[in-house]
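What follows is a short report on a single structure.
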Amino acid sequence: MEREPKQIREGYLVKKGSMFNTWKPMWVVLLDDGIEFYKKKIDNSPKGMIPLKGSSISSPCQDFGKRMFVFKLTTAKQQDHFFQAAYLEERDAWVRDIRKAIQCIEGGQRFARKSTRKSIRLPETINLSALYLSMKDSDKGVKELKLEKDKKVFNHCFTGSCVIDWLVSNNAIRNRKEGLMLASSLLNEGYLQAAGDTSKSAAEGLTDTPFLDLPDAYYYFADSGFFCEGNSSDDDVVLKEEFRGTVVKQGCLLKQGHRRKNWKVRKFILREDPAYLHYYDPAGGEDPLGAIHLRGCVVTAVEDIPDAKKHDVDTNLFEIITANEVHYFLQAATPVERTEWIKAIQVVSRTGK
């Protein structure tokens, strides 16, 4: 009986067309024996399939100087396929898993991630719901703190190390490895939420475990009053992330017009429910000038813009391609700010309505 291929990773990537120099967002599924890509996530039949046996992967790929975070997959028949990720960590995660899948095929092995579940089994007496209530106890539970990182202030949160320390001190686990597994279960079941880039990257599958036993990995209780605040490169623009509300991120960006192709400063507010990026006149006005629907969109960093004049903006650019294949070009003030916007939009595009 032929075994079913194992799914390893899936998500939106921008793929170069095989015949023309066109780049389009595709829903990409990495299996242990090949890569399937779909026009939309909801499609039942893939537009194509790339076998991994005998393939090789190249990253970083410098074939397209104006596009960042591109990797190349070359098949056994010497056919090249180019994919673009949204940011560096995402590209590296795809490349790592594809390379490992190829190595497993060559060695006749099954693809398997590193996991504490192989060697550690949680006691059957552990009740996650009861444990969560104990962790939230105002006197004996995990203490909610006000922490600062990367010029941001995280309110009502705690570190990954604090969670493991608490589990150890309360005899809920036998060792820190078991604590990592238990904390990962709390995270996967929604009792704990990730705050900040470090913990969010782990929760999205970019590290070996969803939960991190680190002093700079921040988390918060799902029903707490957590929020994060800080300043962008423009000191007059205050950013506020309220994860229990609707506003995820806000600030000023340059936006290219669709008709005249001119650039104007707009104030942007990113909302997760519904998943829209509204933009306003920064001089005032309560009504938005427009909105970008983010559900199912793809966002990537770019180095240049088609048909742009040489004296136009040419740094810290990123592109949003909606589900209807409408292209929006925006510019952030700094590389760090661009990365923050890309990651925030990417999360909303997956979780918002």
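If you're wondering about the labels, chains in the structure tokens are A, B, ... by order shown, residues count from 1 in each chain, ligands from 1 in order shown.
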
* Using only C-alpha atoms, determine which residues lie at most 12 Å from A:Val14, disregarding the query and same-chain residues fewer than 3 positions distant; provide the list as a ChimeraX atom specification. => /A:11,17,22-28,37-40,67-71,81-87,91,297-302,319-322,325

message: Which residues are close to A:Ile57, i.e. within 10 Å by only C-alpha atoms, leaving aside same-chain residues fewer than 5 positions away? Reply as a VMD selection string.
response: chain A and resid 52 71 to 75 80 to 82 95 to 96 98 to 99 102

File of the preceding selection, N, CA and C atoms, as a JSON list (two decimals), in the first residue's frame:
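The result, written out as part.json:
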[["chain", "number", "residue", "atom", "x", "y", "z"],
["A", 52, "LEU", "N", 10.95, 16.61, -5.23],
["A", 52, "LEU", "CA", 12.17, 16.97, -4.51],
["A", 52, "LEU", "C", 13.31, 15.98, -4.74],
["A", 71, "PHE", "N", 14.64, 32.35, -2.85],
["A", 71, "PHE", "CA", 15.43, 31.13, -2.92],
["A", 71, "PHE", "C", 15.08, 30.37, -4.19],
["A", 72, "LYS", "N", 16.03, 29.56, -4.66],
["A", 72, "LYS", "CA", 15.87, 28.84, -5.93],
["A", 72, "LYS", "C", 15.90, 27.34, -5.68],
["A", 73, "LEU", "N", 14.94, 26.64, -6.28],
["A", 73, "LEU", "CA", 14.88, 25.19, -6.22],
["A", 73, "LEU", "C", 15.12, 24.65, -7.63],
["A", 74, "THR", "N", 16.17, 23.87, -7.79],
["A", 74, "THR", "CA", 16.52, 23.29, -9.09],
["A", 74, "THR", "C", 16.22, 21.80, -9.06],
["A", 75, "THR", "N", 15.37, 21.34, -9.98],
["A", 75, "THR", "CA", 14.95, 19.93, -9.99],
["A", 75, "THR", "C", 16.02, 19.05, -10.64],
["A", 80, "ASP", "N", 14.50, 25.37, -13.00],
["A", 80, "ASP", "CA", 14.63, 26.29, -11.86],
["A", 80, "ASP", "C", 13.27, 26.85, -11.46],
["A", 81, "HIS", "N", 13.01, 26.86, -10.17],
["A", 81, "HIS", "CA", 11.79, 27.45, -9.61],
["A", 81, "HIS", "C", 12.21, 28.47, -8.55],
["A", 82, "PHE", "N", 11.66, 29.68, -8.64],
["A", 82, "PHE", "CA", 12.04, 30.76, -7.74],
["A", 82, "PHE", "C", 10.87, 31.14, -6.84],
["A", 95, "VAL", "N", 13.70, 27.22, 3.54],
["A", 95, "VAL", "CA", 14.91, 26.61, 2.99],
["A", 95, "VAL", "C", 15.39, 25.46, 3.88],
["A", 96, "ARG", "N", 15.34, 25.68, 5.18],
["A", 96, "ARG", "CA", 15.79, 24.63, 6.12],
["A", 96, "ARG", "C", 14.95, 23.36, 5.97],
["A", 98, "ILE", "N", 12.98, 22.45, 3.36],
["A", 98, "ILE", "CA", 13.13, 21.85, 2.02],
["A", 98, "ILE", "C", 14.44, 21.09, 1.93],
["A", 99, "ARG", "N", 15.51, 21.71, 2.43],
["A", 99, "ARG", "CA", 16.82, 21.04, 2.38],
["A", 99, "ARG", "C", 16.80, 19.74, 3.18],
["A", 102, "ILE", "N", 14.92, 17.03, 1.25],
["A", 102, "ILE", "CA", 15.76, 16.47, 0.18],
["A", 102, "ILE", "C", 16.77, 15.48, 0.75]]

DSSP says helix (DSSP H, G or I) for which residues of stretch 16-102 of chain A? Put them as a ChimeraX atom specification? /A:88-102

Taking N, CA and C atoms for each residue, export the selection above as a PDB file, in the first residue's frame.
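Final output, saved to out.pdb:
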ATOM      1  N   LEU A  88      13.353  37.582   6.192  1.00  0.00           N
ATOM      2  CA  LEU A  88      14.512  36.699   6.253  1.00  0.00           C
ATOM      3  C   LEU A  88      14.229  35.397   6.994  1.00  0.00           C
ATOM      4  N   GLU A  89      13.621  35.496   8.195  1.00  0.00           N
ATOM      5  CA  GLU A  89      13.397  34.296   9.000  1.00  0.00           C
ATOM      6  C   GLU A  89      12.456  33.313   8.303  1.00  0.00           C
ATOM      7  N   GLU A  90      11.465  33.850   7.590  1.00  0.00           N
ATOM      8  CA  GLU A  90      10.532  32.980   6.890  1.00  0.00           C
ATOM      9  C   GLU A  90      11.244  32.251   5.749  1.00  0.00           C
ATOM     10  N   ARG A  91      12.066  32.986   4.996  1.00  0.00           N
ATOM     11  CA  ARG A  91      12.803  32.335   3.910  1.00  0.00           C
ATOM     12  C   ARG A  91      13.699  31.230   4.455  1.00  0.00           C
ATOM     13  N   ASP A  92      14.421  31.529   5.541  1.00  0.00           N
ATOM     14  CA  ASP A  92      15.345  30.546   6.105  1.00  0.00           C
ATOM     15  C   ASP A  92      14.608  29.318   6.620  1.00  0.00           C
ATOM     16  N   ALA A  93      13.385  29.500   7.156  1.00  0.00           N
ATOM     17  CA  ALA A  93      12.605  28.363   7.652  1.00  0.00           C
ATOM     18  C   ALA A  93      12.186  27.453   6.500  1.00  0.00           C
ATOM     19  N   TRP A  94      11.740  28.045   5.393  1.00  0.00           N
ATOM     20  CA  TRP A  94      11.373  27.250   4.208  1.00  0.00           C
ATOM     21  C   TRP A  94      12.592  26.509   3.666  1.00  0.00           C
ATOM     22  N   VAL A  95      13.699  27.216   3.536  1.00  0.00           N
ATOM     23  CA  VAL A  95      14.913  26.606   2.986  1.00  0.00           C
ATOM     24  C   VAL A  95      15.387  25.461   3.877  1.00  0.00           C
ATOM     25  N   ARG A  96      15.337  25.676   5.183  1.00  0.00           N
ATOM     26  CA  ARG A  96      15.789  24.631   6.117  1.00  0.00           C
ATOM     27  C   ARG A  96      14.950  23.357   5.967  1.00  0.00           C
ATOM     28  N   ASP A  97      13.624  23.519   5.886  1.00  0.00           N
ATOM     29  CA  ASP A  97      12.751  22.346   5.790  1.00  0.00           C
ATOM     30  C   ASP A  97      12.862  21.656   4.425  1.00  0.00           C
ATOM     31  N   ILE A  98      12.979  22.452   3.358  1.00  0.00           N
ATOM     32  CA  ILE A  98      13.129  21.855   2.021  1.00  0.00           C
ATOM     33  C   ILE A  98      14.443  21.090   1.931  1.00  0.00           C
ATOM     34  N   ARG A  99      15.509  21.707   2.433  1.00  0.00           N
ATOM     35  CA  ARG A  99      16.823  21.040   2.381  1.00  0.00           C
ATOM     36  C   ARG A  99      16.804  19.735   3.184  1.00  0.00           C
ATOM     37  N   LYS A 100      16.152  19.764   4.339  1.00  0.00           N
ATOM     38  CA  LYS A 100      16.081  18.551   5.158  1.00  0.00           C
ATOM     39  C   LYS A 100      15.245  17.477   4.469  1.00  0.00           C
ATOM     40  N   ALA A 101      14.151  17.887   3.811  1.00  0.00           N
ATOM     41  CA  ALA A 101      13.318  16.920   3.092  1.00  0.00           C
ATOM     42  C   ALA A 101      14.112  16.249   1.971  1.00  0.00           C
ATOM     43  N   ILE A 102      14.925  17.027   1.252  1.00  0.00           N
ATOM     44  CA  ILE A 102      15.761  16.466   0.177  1.00  0.00           C
ATOM     45  C   ILE A 102      16.770  15.475   0.752  1.00  0.00           C
TER      46      ILE A 102
END
